[in-house]
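Asker: Contents are mmCIF, C-alpha atoms; file name input25.cif:
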data_work
#
loop_
_atom_site.label_atom_id
_atom_site.label_comp_id
_atom_site.auth_asym_id
_atom_site.auth_seq_id
_atom_site.Cartn_x
_atom_site.Cartn_y
_atom_site.Cartn_z
CA VAL A 1 19.51 19.33 19.41
CA VAL A 2 22.21 20.30 21.91
CA ASP A 3 21.78 16.94 23.62
CA THR A 4 22.15 15.13 20.33
CA VAL A 5 25.35 17.00 19.54
CA THR A 6 26.96 16.41 22.90
CA ARG A 7 25.96 12.74 22.86
CA ARG A 8 27.18 12.15 19.30
CA PRO A 9 30.00 9.56 19.19
CA GLY A 10 33.33 11.43 19.32
CA GLY A 11 31.93 14.68 20.71
CA ARG A 12 32.44 14.20 24.42
CA SER A 13 35.08 11.60 23.72
CA ALA A 14 37.06 14.05 21.56
CA ARG A 15 36.88 16.73 24.27
CA ILE A 16 38.14 14.27 26.89
CA ARG A 17 40.95 13.18 24.61
CA SER A 18 41.95 16.76 23.93
CA ALA A 19 41.93 17.66 27.66
CA VAL A 20 43.93 14.56 28.59
CA LEU A 21 46.60 15.09 25.91
CA ALA A 22 46.98 18.78 26.81
CA SER A 23 47.39 17.87 30.49
CA THR A 24 49.91 15.18 29.59
CA LEU A 25 52.20 17.65 27.81
CA GLU A 26 51.76 20.28 30.51
CA LEU A 27 52.72 17.86 33.29
CA LEU A 28 55.53 16.36 31.20
CA VAL A 29 57.11 19.78 30.79
CA ARG A 30 56.46 20.82 34.40
CA ASP A 31 57.52 17.66 36.27
CA GLY A 32 59.39 15.47 33.77
CA PHE A 33 58.55 12.01 32.49
CA ASP A 34 59.55 10.16 35.66
CA SER A 35 56.82 11.94 37.65
CA LEU A 36 54.12 11.46 35.04
CA SER A 37 51.32 9.14 36.23
CA LEU A 38 47.88 8.32 34.86
CA ASP A 39 46.37 9.47 38.18
CA ALA A 40 48.11 12.87 38.02
CA VAL A 41 46.99 13.44 34.42
CA ALA A 42 43.42 12.35 35.27
CA GLU A 43 43.26 14.81 38.16
CA HIS A 44 44.82 17.66 36.14
CA ALA A 45 42.46 17.09 33.20
CA GLY A 46 39.40 16.58 35.42
CA VAL A 47 38.70 13.16 33.88
CA HIS A 48 37.94 9.80 35.53
CA ARG A 49 41.05 7.71 36.19
CA THR A 50 39.33 4.65 34.78
CA THR A 51 39.01 6.41 31.40
CA LEU A 52 42.79 6.88 31.24
CA TYR A 53 43.53 3.32 32.33
CA ARG A 54 41.11 1.97 29.74
CA ARG A 55 42.13 4.19 26.81
CA TRP A 56 45.88 4.71 27.31
CA GLY A 57 47.06 2.21 29.92
CA SER A 58 50.47 3.79 30.60
CA PRO A 59 52.18 7.20 30.77
CA THR A 60 54.30 6.25 27.75
CA MET A 61 51.25 5.68 25.59
CA LEU A 62 49.87 9.02 26.76
CA VAL A 63 53.06 10.84 25.77
CA VAL A 64 53.29 9.16 22.37
CA ASP A 65 49.65 9.92 21.63
CA ALA A 66 50.06 13.52 22.78
CA LEU A 67 53.14 14.00 20.61
CA ILE A 68 51.60 12.45 17.50
CA ASP A 69 48.52 14.61 18.02
CA ARG A 70 50.58 17.77 18.48
CA SER A 71 52.97 16.97 15.67
CA ASP A 72 50.19 16.46 13.11
CA THR A 73 48.84 19.87 13.98
CA LEU A 74 52.13 21.76 14.07
CA VAL A 75 54.24 20.18 11.37
CA ALA A 76 52.02 19.75 8.34
CA VAL A 77 53.55 18.10 5.26
CA PRO A 78 53.98 20.73 2.53
CA ASP A 79 53.36 20.28 -1.21
CA GLU A 80 54.60 23.43 -2.92
CA GLY A 81 55.83 22.04 -6.22
CA THR A 82 59.61 22.07 -5.67
CA LEU A 83 61.87 20.23 -3.25
CA ARG A 84 63.51 23.52 -2.31
CA ALA A 85 60.21 25.13 -1.26
CA ASP A 86 59.00 21.99 0.52
CA LEU A 87 62.22 21.66 2.53
CA GLN A 88 62.12 25.32 3.52
CA THR A 89 58.52 25.04 4.70
CA LEU A 90 59.24 21.79 6.54
CA MET A 91 62.25 23.29 8.33
CA ALA A 92 60.31 26.44 9.22
CA ALA A 93 57.63 24.28 10.89
CA VAL A 94 60.17 22.13 12.76
CA ARG A 95 62.06 25.28 13.79
CA ALA A 96 58.89 26.95 15.11
CA ASN A 97 58.13 23.82 17.12
CA LEU A 98 61.66 23.60 18.54
CA GLU A 99 61.64 27.31 19.40
CA SER A 100 58.34 27.12 21.29
CA PRO A 101 58.77 26.60 25.05
CA LEU A 102 56.63 23.46 25.00
CA GLY A 103 58.29 21.99 21.90
CA GLU A 104 61.79 22.60 23.23
CA ALA A 105 60.98 21.19 26.67
CA VAL A 106 59.40 18.03 25.25
CA THR A 107 62.32 17.51 22.84
CA VAL A 108 64.86 17.94 25.64
CA ALA A 109 62.89 15.66 27.98
CA LEU A 110 62.67 12.89 25.36
CA ALA A 111 66.35 13.21 24.37
CA GLY A 112 67.39 12.78 28.00
CA ALA A 113 65.14 9.75 28.53
CA ARG A 114 66.86 6.40 28.72
CA THR A 115 64.13 3.93 29.74
CA ASP A 116 63.50 1.19 27.17
CA GLU A 117 59.81 1.99 27.11
CA LEU A 118 60.39 5.62 26.20
CA VAL A 119 63.08 4.78 23.63
CA GLN A 120 60.65 2.41 21.90
CA ALA A 121 57.97 5.09 22.01
CA ALA A 122 60.31 7.67 20.45
CA ARG A 123 61.17 5.22 17.67
CA ARG A 124 57.50 4.56 16.91
CA PHE A 125 56.76 8.28 16.91
CA TRP A 126 59.64 9.07 14.53
CA ASP A 127 58.98 6.13 12.20
CA ASP A 128 55.54 7.64 11.74
CA ARG A 129 56.82 11.22 11.34
CA LEU A 130 59.62 10.35 8.88
CA GLU A 131 57.19 8.27 6.80
CA ARG A 132 54.77 11.19 6.55
CA MET A 133 57.41 13.85 5.84
CA SER A 134 59.31 11.74 3.32
CA VAL A 135 56.55 12.14 0.74
CA VAL A 136 58.16 15.48 -0.19
CA VAL A 137 61.26 13.52 -1.24
CA SER A 138 59.33 10.87 -3.20
CA ARG A 139 57.49 13.63 -5.06
CA ALA A 140 60.80 15.31 -5.96
CA VAL A 141 62.10 11.98 -7.34
CA ASP A 142 58.86 11.54 -9.32
CA ARG A 143 59.34 15.04 -10.78
CA SER A 144 62.95 14.07 -11.70
CA GLU A 145 64.21 16.99 -9.61
CA ILE A 146 66.62 14.69 -7.80
CA ALA A 147 68.05 11.20 -8.26
CA PRO A 148 66.44 8.40 -6.24
CA ALA A 149 67.44 8.60 -2.58
CA ASP A 150 66.30 7.02 0.69
CA PRO A 151 63.42 9.40 1.58
CA HIS A 152 63.63 8.82 5.37
CA ALA A 153 67.36 9.53 5.39
CA VAL A 154 66.91 12.73 3.36
CA ILE A 155 64.42 14.03 5.93
CA GLU A 156 66.78 13.09 8.76
CA LEU A 157 69.65 15.00 7.11
CA VAL A 158 67.41 18.04 6.63
CA ILE A 159 65.99 18.34 10.13
CA ALA A 160 68.94 16.94 12.13
CA PRO A 161 70.93 20.24 12.18
CA LEU A 162 67.94 22.00 13.81
CA PHE A 163 67.81 19.40 16.59
CA PHE A 164 71.62 19.51 16.89
CA ARG A 165 71.43 23.22 17.75
CA VAL A 166 68.78 22.64 20.43
CA LEU A 167 70.15 19.43 21.94
CA VAL A 168 73.89 19.46 21.37
CA ASP A 169 75.75 22.70 20.70
CA ARG A 170 72.93 24.86 22.10
CA ARG A 171 73.34 27.66 19.59
CA PRO A 172 70.18 29.41 18.36
CA ILE A 173 68.77 28.22 15.02
CA ASP A 174 69.26 30.96 12.40
CA ASP A 175 68.27 31.64 8.79
CA ALA A 176 71.82 31.02 7.57
CA LEU A 177 71.66 27.42 8.82
CA VAL A 178 68.27 26.80 7.20
CA ASP A 179 69.47 28.29 3.88
CA MET A 180 72.64 26.23 3.92
CA VAL A 181 70.78 22.98 4.59
CA THR A 182 68.32 23.70 1.77
CA ARG A 183 70.97 24.60 -0.80
CA THR A 184 73.36 21.78 0.09
CA MET A 185 70.65 19.12 0.08
CA VAL A 186 68.98 20.25 -3.15
CA ASP A 187 72.32 20.65 -4.98
CA GLY A 188 73.79 17.48 -3.47
CA LEU A 189 70.80 15.27 -4.31
CA ALA A 190 70.44 16.73 -7.83
CA ALA A 191 74.13 16.13 -8.63
CA ARG A 192 73.90 12.38 -8.34
CA VAL B 1 116.23 9.37 37.77
CA VAL B 2 112.86 7.92 38.76
CA ASP B 3 112.48 10.58 41.46
CA THR B 4 113.29 13.33 39.00
CA VAL B 5 110.71 12.01 36.59
CA THR B 6 107.93 11.69 39.16
CA ARG B 7 108.72 15.13 40.66
CA ARG B 8 108.87 16.87 37.27
CA PRO B 9 106.17 19.60 36.97
CA GLY B 10 103.09 18.00 35.49
CA GLY B 11 103.96 14.43 36.46
CA ARG B 12 101.97 14.03 39.66
CA SER B 13 99.69 16.87 38.62
CA ALA B 14 98.88 15.11 35.34
CA ARG B 15 98.10 11.87 37.15
CA ILE B 16 95.74 13.69 39.52
CA ARG B 17 94.05 15.43 36.62
CA SER B 18 93.61 12.16 34.76
CA ALA B 19 92.15 10.40 37.84
CA VAL B 20 89.77 13.29 38.56
CA LEU B 21 88.49 13.55 34.98
CA ALA B 22 87.97 9.78 34.72
CA SER B 23 86.02 9.79 38.01
CA THR B 24 83.96 12.75 36.83
CA LEU B 25 82.74 10.90 33.73
CA GLU B 26 82.18 7.68 35.65
CA LEU B 27 80.02 9.40 38.27
CA LEU B 28 78.25 11.50 35.64
CA VAL B 29 77.15 8.38 33.80
CA ARG B 30 76.31 6.47 36.99
CA ASP B 31 74.41 9.13 38.95
CA GLY B 32 73.63 11.95 36.51
CA PHE B 33 74.72 15.57 36.56
CA ASP B 34 72.41 16.66 39.38
CA SER B 35 74.17 14.32 41.84
CA LEU B 36 77.69 15.28 40.77
CA SER B 37 79.61 17.10 43.53
CA LEU B 38 83.26 18.03 43.92
CA ASP B 39 83.33 16.04 47.18
CA ALA B 40 81.98 12.88 45.51
CA VAL B 41 84.51 13.14 42.68
CA ALA B 42 87.37 13.79 45.14
CA GLU B 43 86.45 10.72 47.16
CA HIS B 44 86.02 8.52 44.07
CA ALA B 45 89.37 9.65 42.61
CA GLY B 46 91.21 9.47 45.94
CA VAL B 47 92.27 13.12 45.67
CA HIS B 48 92.12 15.95 48.26
CA ARG B 49 88.89 17.96 48.06
CA THR B 50 90.89 21.19 48.26
CA THR B 51 92.65 20.28 44.99
CA LEU B 52 89.30 20.05 43.20
CA TYR B 53 87.98 23.28 44.72
CA ARG B 54 91.18 25.09 43.72
CA ARG B 55 91.58 23.67 40.21
CA TRP B 56 88.01 23.23 39.00
CA GLY B 57 85.71 25.09 41.40
CA SER B 58 82.40 23.58 40.18
CA PRO B 59 80.96 20.32 38.83
CA THR B 60 80.26 22.07 35.53
CA MET B 61 83.90 22.98 35.02
CA LEU B 62 84.83 19.39 35.82
CA VAL B 63 82.43 18.03 33.21
CA VAL B 64 83.56 20.48 30.54
CA ASP B 65 87.22 19.74 31.22
CA ALA B 66 86.56 15.98 31.19
CA LEU B 67 84.69 16.22 27.89
CA ILE B 68 87.32 18.37 26.18
CA ASP B 69 90.01 15.98 27.41
CA ARG B 70 88.11 12.92 26.20
CA SER B 71 87.09 14.47 22.93
CA ASP B 72 90.66 15.45 22.00
CA THR B 73 91.69 11.84 22.51
CA LEU B 74 88.78 10.16 20.75
CA VAL B 75 87.91 12.47 17.89
CA ALA B 76 91.17 13.50 16.25
CA VAL B 77 90.99 15.93 13.32
CA PRO B 78 91.87 14.06 10.10
CA ASP B 79 93.99 15.38 7.20
CA GLU B 80 93.75 12.82 4.42
CA GLY B 81 93.94 15.01 1.35
CA THR B 82 90.28 15.05 0.25
CA LEU B 83 87.12 16.37 1.88
CA ARG B 84 85.41 13.05 1.20
CA ALA B 85 88.03 11.04 3.11
CA ASP B 86 88.23 13.61 5.93
CA LEU B 87 84.44 13.62 6.44
CA GLN B 88 84.31 9.83 6.45
CA THR B 89 87.09 9.63 9.06
CA LEU B 90 85.48 12.36 11.16
CA MET B 91 82.09 10.66 11.11
CA ALA B 92 83.64 7.27 11.93
CA ALA B 93 85.25 8.81 15.03
CA VAL B 94 82.06 10.59 16.14
CA ARG B 95 80.09 7.40 15.50
CA ALA B 96 82.49 5.28 17.57
CA ASN B 97 82.18 7.79 20.40
CA LEU B 98 78.37 7.85 20.24
CA GLU B 99 78.22 4.05 20.10
CA SER B 100 80.43 3.59 23.18
CA PRO B 101 78.43 3.22 26.42
CA LEU B 102 80.22 6.18 28.03
CA GLY B 103 79.95 8.42 24.97
CA GLU B 104 76.26 7.69 24.52
CA ALA B 105 75.46 8.19 28.21
CA VAL B 106 77.32 11.53 28.40
CA THR B 107 75.64 12.74 25.18
CA VAL B 108 72.20 11.79 26.48
CA ALA B 109 72.89 13.35 29.90
CA LEU B 110 74.03 16.66 28.36
CA ALA B 111 71.12 16.74 25.89
CA GLY B 112 68.64 16.38 28.74
CA ALA B 113 70.33 19.08 30.87
CA ARG B 114 68.46 22.33 31.15
CA THR B 115 70.40 24.33 33.77
CA ASP B 116 71.89 27.58 32.44
CA GLU B 117 75.31 26.62 33.72
CA LEU B 118 75.37 23.35 31.79
CA VAL B 119 73.93 24.92 28.66
CA GLN B 120 76.73 27.52 28.72
CA ALA B 121 79.26 24.75 29.28
CA ALA B 122 77.93 22.75 26.32
CA ARG B 123 78.19 25.85 24.12
CA ARG B 124 81.79 26.46 25.12
CA PHE B 125 82.67 22.82 24.53
CA TRP B 126 81.09 22.79 21.07
CA ASP B 127 82.50 26.16 20.02
CA ASP B 128 85.91 24.61 20.66
CA ARG B 129 85.09 21.32 18.92
CA LEU B 130 83.54 22.92 15.83
CA GLU B 131 86.50 25.30 15.52
CA ARG B 132 88.96 22.37 15.58
CA MET B 133 87.00 20.12 13.24
CA SER B 134 86.22 22.89 10.74
CA VAL B 135 89.84 22.97 9.53
CA VAL B 136 88.95 20.04 7.23
CA VAL B 137 86.46 22.37 5.50
CA SER B 138 88.89 25.30 5.24
CA ARG B 139 91.49 22.99 3.70
CA ALA B 140 88.95 21.73 1.12
CA VAL B 141 88.18 25.36 0.18
CA ASP B 142 91.92 26.10 -0.11
CA ARG B 143 92.30 23.09 -2.43
CA SER B 144 89.33 24.43 -4.49
CA GLU B 145 87.48 21.17 -3.89
CA ILE B 146 84.41 23.09 -2.76
CA ALA B 147 83.12 26.65 -2.93
CA PRO B 148 83.58 28.80 0.19
CA ALA B 149 81.15 27.77 2.94
CA ASP B 150 80.74 28.48 6.65
CA PRO B 151 83.08 25.79 8.07
CA HIS B 152 81.30 25.46 11.44
CA ALA B 153 77.93 24.97 9.73
CA VAL B 154 79.36 22.33 7.37
CA ILE B 155 80.61 20.31 10.34
CA GLU B 156 77.23 20.67 12.06
CA LEU B 157 75.43 19.38 8.95
CA VAL B 158 77.82 16.43 8.73
CA ILE B 159 77.67 15.20 12.32
CA ALA B 160 74.09 16.25 13.19
CA PRO B 161 72.45 13.14 11.60
CA LEU B 162 74.56 10.88 13.85
CA PHE B 163 73.38 12.73 16.96
CA PHE B 164 69.80 12.75 15.62
CA ARG B 165 69.82 8.94 15.55
CA VAL B 166 71.07 8.71 19.14
CA LEU B 167 69.02 11.53 20.67
CA VAL B 168 65.86 11.85 18.61
CA ASP B 169 64.63 8.97 16.45
CA ARG B 170 66.72 6.37 18.33
CA ARG B 171 67.55 4.29 15.29
CA PRO B 172 71.02 2.72 15.11
CA ILE B 173 73.64 4.59 13.06
CA ASP B 174 74.43 2.59 9.90
CA ASP B 175 76.89 2.75 6.99
CA ALA B 176 74.13 3.83 4.59
CA LEU B 177 73.57 7.02 6.62
CA VAL B 178 77.29 7.84 6.76
CA ASP B 179 77.67 7.26 3.00
CA MET B 180 74.67 9.40 2.21
CA VAL B 181 75.88 12.30 4.35
CA THR B 182 79.33 12.16 2.75
CA ARG B 183 78.05 12.05 -0.84
CA THR B 184 75.37 14.68 -0.38
CA MET B 185 77.69 17.13 1.39
CA VAL B 186 80.62 16.72 -1.02
CA ASP B 187 78.37 16.96 -4.10
CA GLY B 188 76.23 19.74 -2.63
CA LEU B 189 79.18 21.92 -1.60
CA ALA B 190 81.05 21.33 -4.87
CA ALA B 191 78.02 22.27 -6.97
CA ARG B 192 77.94 25.84 -5.74
#
Please lay out the structure from this file as structure tokens.
Answerer:
Amino acid sequence: VVDTVTRRPGGRSARIRSAVLASTLELLVRDGFDSLSLDAVAEHAGVHRTTLYRRWGSPTMLVVDALIDRSDTLVAVPDEGTLRADLQTLMAAVRANLESPLGEAVTVALAGARTDELVQAARRFWDDRLERMSVVVSRAVDRSEIAPADPHAVIELVIAPLFFRVLVDRRPIDDALVDMVTRTMVDGLAAR
Amino acid sequence: VVDTVTRRPGGRSARIRSAVLASTLELLVRDGFDSLSLDAVAEHAGVHRTTLYRRWGSPTMLVVDALIDRSDTLVAVPDEGTLRADLQTLMAAVRANLESPLGEAVTVALAGARTDELVQAARRFWDDRLERMSVVVSRAVDRSEIAPADPHAVIELVIAPLFFRVLVDRRPIDDALVDMVTRTMVDGLAAR
């Protein structure tokens, strides 16, 4: 029975994937993107190099996959019945991620990256994230809570001030900021 | 007369300052903050090293001074009679700065910086900027256009989406985003 379980498609494969993605983020934070190589990740994760070359192909793909994996786990899309509650929950999740050492380090590393490959990867990652998160806006429009609005842009307006604190003015995120974003967005979108 | 003008206090000194700050930004963009030294800036600007050691003391102070100098020139604080017009003008100026090669490169370099010294410098720079810009919010409150609101936080909410595009999701800033920020903020703050 044990043999069957460990040989089941996805079992060993899922464990390898999990080890590789964890090592990717750990090395990204420790050494930066420029030092990240498939060989270094393979050694750190204790996985055959050929597996990484076959399944990911490049450090950029590793980082994008690791981020999408992590982001799905950490920032779940809420559905609490009101736009106000959904935005508060969404911001709390983004805030917790940005305030974690790993989340902050990855965000800072990606913001400082200027290679075309990494910029394209960040765009793909965020297109996916904004699409998922924006369902809270579409639902609020369907409930007639707010007037129709570009759902991606609403999400950007909501989470941008949190990233601004971490990446630009370097002040700590506080409850007053989160409350102000929630109130201004809900009132501003309803008023239209 | 010419001699009097060139010997006037601030004349030669102002030219040195201008050359040093321009060289600082040029080298910052070209080589990054980690490679920035007072000696390199002195050589690039054609100024005595001792002048830089006496007047600035560290690369961080040079960068902060260069940014404050540049920011005062590029992002003037508008006073156009309505919050809507002031926010539009402010965002247009921030957008132009972020879309210029130098402005984008400096923003990306500072966002990726993790040394304590540079983080403190970024905080000082932004405390100053937010204080200056927030007068457009105080004026709108005085005119009873909007309910009282934390002026620094309002400015953060307004400009954060522009920085989010450049530093996080890497999509180009467009007119639709600027319009949406303006409308949502004006309506949201008025509704209170």
Asker: Using all atoms listed in the file, tabulate the residues of chain A lying at most 9 Å from any atom of chain B, each with its closest atom pair and that distance in Å to one decimal, by chain and increasing residue number, as a Markdown table.
Answerer:
| residue | atom | partner | partner_atom | distance |
| --- | --- | --- | --- | --- |
| A:Ala105 | CA | B:Arg114 | CA | 8.8 |
| A:Thr107 | CA | B:Val168 | CA | 7.9 |
| A:Val108 | CA | B:Gly112 | CA | 5.1 |
| A:Ala109 | CA | B:Gly112 | CA | 5.8 |
| A:Leu110 | CA | B:Val168 | CA | 7.5 |
| A:Ala111 | CA | B:Leu167 | CA | 4.9 |
| A:Gly112 | CA | B:Gly112 | CA | 3.9 |
| A:Ala113 | CA | B:Gly112 | CA | 7.5 |
| A:Arg114 | CA | B:Val108 | CA | 7.9 |
| A:Val119 | CA | B:Arg170 | CA | 6.6 |
| A:Gln120 | CA | B:Arg170 | CA | 8.1 |
| A:Ala122 | CA | B:Asp169 | CA | 6.0 |
| A:Arg123 | CA | B:Asp169 | CA | 5.2 |
| A:Arg124 | CA | B:Asp169 | CA | 8.4 |
| A:Phe125 | CA | B:Asp169 | CA | 7.9 |
| A:Trp126 | CA | B:Asp169 | CA | 5.3 |
| A:Asp127 | CA | B:Asp169 | CA | 7.6 |
| A:Ala149 | CA | B:Met180 | CA | 8.7 |
| A:Asp150 | CA | B:Met180 | CA | 8.8 |
| A:Ala153 | CA | B:Leu177 | CA | 6.8 |
| A:Val154 | CA | B:Met180 | CA | 8.5 |
| A:Glu156 | CA | B:Pro161 | CA | 6.3 |
| A:Leu157 | CA | B:Pro161 | CA | 5.6 |
| A:Val158 | CA | B:Leu157 | CA | 8.5 |
| A:Ile159 | CA | B:Pro161 | CA | 8.4 |
| A:Ala160 | CA | B:Pro161 | CA | 5.2 |
| A:Pro161 | CA | B:Ala160 | CA | 5.2 |
| A:Leu162 | CA | B:Ala160 | CA | 8.4 |
| A:Phe163 | CA | B:Phe164 | CA | 7.0 |
| A:Phe164 | CA | B:Ala160 | CA | 5.5 |
| A:Arg165 | CA | B:Glu156 | CA | 8.5 |
| A:Val166 | CA | B:Ala111 | CA | 8.4 |
| A:Leu167 | CA | B:Ala111 | CA | 4.9 |
| A:Val168 | CA | B:Ala111 | CA | 6.0 |
| A:Asp169 | CA | B:Arg123 | CA | 5.3 |
| A:Arg170 | CA | B:Arg123 | CA | 5.7 |
| A:Arg171 | CA | B:Arg123 | CA | 6.9 |
| A:Ala176 | CA | B:Ala153 | CA | 8.9 |
| A:Leu177 | CA | B:Ala153 | CA | 6.8 |
| A:Met180 | CA | B:Ala153 | CA | 8.0 |
| A:Val181 | CA | B:Leu157 | CA | 7.3 |
| A:Arg183 | CA | B:Gly188 | CA | 7.4 |
| A:Thr184 | CA | B:Gly188 | CA | 4.4 |
| A:Met185 | CA | B:Gly188 | CA | 6.2 |
| A:Val186 | CA | B:Gly188 | CA | 7.3 |
| A:Asp187 | CA | B:Gly188 | CA | 4.7 |
| A:Gly188 | CA | B:Gly188 | CA | 3.4 |
| A:Leu189 | CA | B:Thr184 | CA | 6.1 |
| A:Ala190 | CA | B:Gly188 | CA | 8.3 |
| A:Ala191 | CA | B:Asp187 | CA | 6.3 |
| A:Arg192 | CA | B:Asp187 | CA | 7.7 |
Asker: Pick out the residues sitting within 9 Å of B:Asp79, and hand them over as an MDAnalysis selection string; count only C-alpha atoms, and ignore anything fewer than 5 positions along from it in its own chain.
Answerer: chainID B and resid 85:86 135:136 139
Asker: Nearest to A:Glu26: which of A:Met91, A:Met133, A:Ala147, A:Val106 is it, counting all atoms listed in the file?
Answerer: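 Answer, going by the shortest atom-to-atom distance: A:Val106.
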Asker: Please measure the separation of atom CA of B:Ser18 and atom CA of B:Thr51, giving the value in Å to one decimal.
Answerer: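 A separation of 13.1 Å between them.
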Asker: Quick one: residues within 10 Å of B:Ala76, all atoms listed in the file, excluding same-chain residues fewer than 5 positions away - as a CSV table (one decimal) with C-alpha atoms, in the coordinates of the input?
Answerer:
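That gives us around.csv:
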chain,number,residue,atom,x,y,z
B,71,SER,CA,87.1,14.5,22.9
B,89,THR,CA,87.1,9.6,9.1
B,90,LEU,CA,85.5,12.4,11.2
B,93,ALA,CA,85.2,8.8,15.0
B,94,VAL,CA,82.1,10.6,16.1
B,132,ARG,CA,89.0,22.4,15.6
B,133,MET,CA,87.0,20.1,13.2
Asker: Near A:Phe33, within 9 Å and counting only C-alpha atoms, which residues show up once chain neighbours fewer than 4 positions away are dropped, as an MDAnalysis selection string?
Answerer: chainID A and resid 27:29 37 59:60 63 109:110 113
Asker: By how many Å are atom CA of A:Leu52 and atom CA of A:Val20 apart?
Answerer: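 Atom CA of A:Leu52 sits 8.2 Å away from atom CA of A:Val20.
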Asker: Separation of atom CA of B:Thr50 and atom CA of B:Arg70, in Å?
Answerer: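 According to the coordinates, atom CA of B:Thr50 and atom CA of B:Arg70 are separated by 23.7 Å.
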Asker: Padding 3 Å on every side, please: axis-aligned box over the listed atoms of stretch 45-61 of chain A, centre and edge lengths to one decimal in Å, as lines of an AutoDock Vina configuration file.
Answerer:
center_x = 46.1
center_y = 9.5
center_z = 30.9
size_x = 22.4
size_y = 21.1
size_z = 16.6
Asker: Using all atoms listed in the file, which residue out of B:Asp179, B:Glu99, B:Gln88, B:Val77 lies closest to B:Ser134?
Answerer: B:Val77
Asker: What do you get, as number ranges by chain, if you spell out every residue that the PyMOL selection byres ((chain B and resi 55) around 12) selects here?
Answerer: B: 13, 16-17, 20-21, 38, 42, 47-54, 56-59, 61-62, 65
Asker: Can I get stretch 22-26 of chain B with all heavy atoms filled in, as a PDB file, in the coordinates of the input?
Answerer:
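Output file part.pdb follows:
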ATOM      1  N   ALA B  22      88.567  11.116  34.912  1.00  0.00           N
ATOM      2  CA  ALA B  22      87.970   9.780  34.720  1.00  0.00           C
ATOM      3  C   ALA B  22      86.835   9.558  35.729  1.00  0.00           C
ATOM      4  O   ALA B  22      85.761   9.057  35.383  1.00  0.00           O
ATOM      5  CB  ALA B  22      89.039   8.703  34.870  1.00  0.00           C
ATOM      6  N   SER B  23      87.062   9.940  36.992  1.00  0.00           N
ATOM      7  CA  SER B  23      86.020   9.790  38.010  1.00  0.00           C
ATOM      8  C   SER B  23      84.814  10.665  37.694  1.00  0.00           C
ATOM      9  O   SER B  23      83.665  10.271  37.933  1.00  0.00           O
ATOM     10  CB  SER B  23      86.568  10.183  39.395  1.00  0.00           C
ATOM     11  OG  SER B  23      87.532   9.238  39.817  1.00  0.00           O
ATOM     12  N   THR B  24      85.058  11.843  37.175  1.00  0.00           N
ATOM     13  CA  THR B  24      83.960  12.750  36.830  1.00  0.00           C
ATOM     14  C   THR B  24      83.019  12.091  35.822  1.00  0.00           C
ATOM     15  O   THR B  24      81.796  12.066  36.015  1.00  0.00           O
ATOM     16  CB  THR B  24      84.517  14.054  36.213  1.00  0.00           C
ATOM     17  OG1 THR B  24      85.355  14.699  37.191  1.00  0.00           O
ATOM     18  CG2 THR B  24      83.398  14.991  35.806  1.00  0.00           C
ATOM     19  N   LEU B  25      83.585  11.526  34.753  1.00  0.00           N
ATOM     20  CA  LEU B  25      82.740  10.900  33.730  1.00  0.00           C
ATOM     21  C   LEU B  25      82.046   9.661  34.276  1.00  0.00           C
ATOM     22  O   LEU B  25      80.863   9.423  33.984  1.00  0.00           O
ATOM     23  CB  LEU B  25      83.596  10.534  32.503  1.00  0.00           C
ATOM     24  CG  LEU B  25      84.090  11.719  31.681  1.00  0.00           C
ATOM     25  CD1 LEU B  25      84.919  11.251  30.501  1.00  0.00           C
ATOM     26  CD2 LEU B  25      82.920  12.581  31.192  1.00  0.00           C
ATOM     27  N   GLU B  26      82.777   8.894  35.090  1.00  0.00           N
ATOM     28  CA  GLU B  26      82.180   7.680  35.650  1.00  0.00           C
ATOM     29  C   GLU B  26      80.966   8.018  36.518  1.00  0.00           C
ATOM     30  O   GLU B  26      79.903   7.406  36.408  1.00  0.00           O
ATOM     31  CB  GLU B  26      83.240   6.949  36.470  1.00  0.00           C
ATOM     32  CG  GLU B  26      83.042   5.446  36.523  1.00  0.00           C
ATOM     33  CD  GLU B  26      84.241   4.757  37.182  1.00  0.00           C
ATOM     34  OE1 GLU B  26      85.387   5.008  36.769  1.00  0.00           O
ATOM     35  OE2 GLU B  26      83.989   4.008  38.142  1.00  0.00           O
TER      36      GLU B  26
END
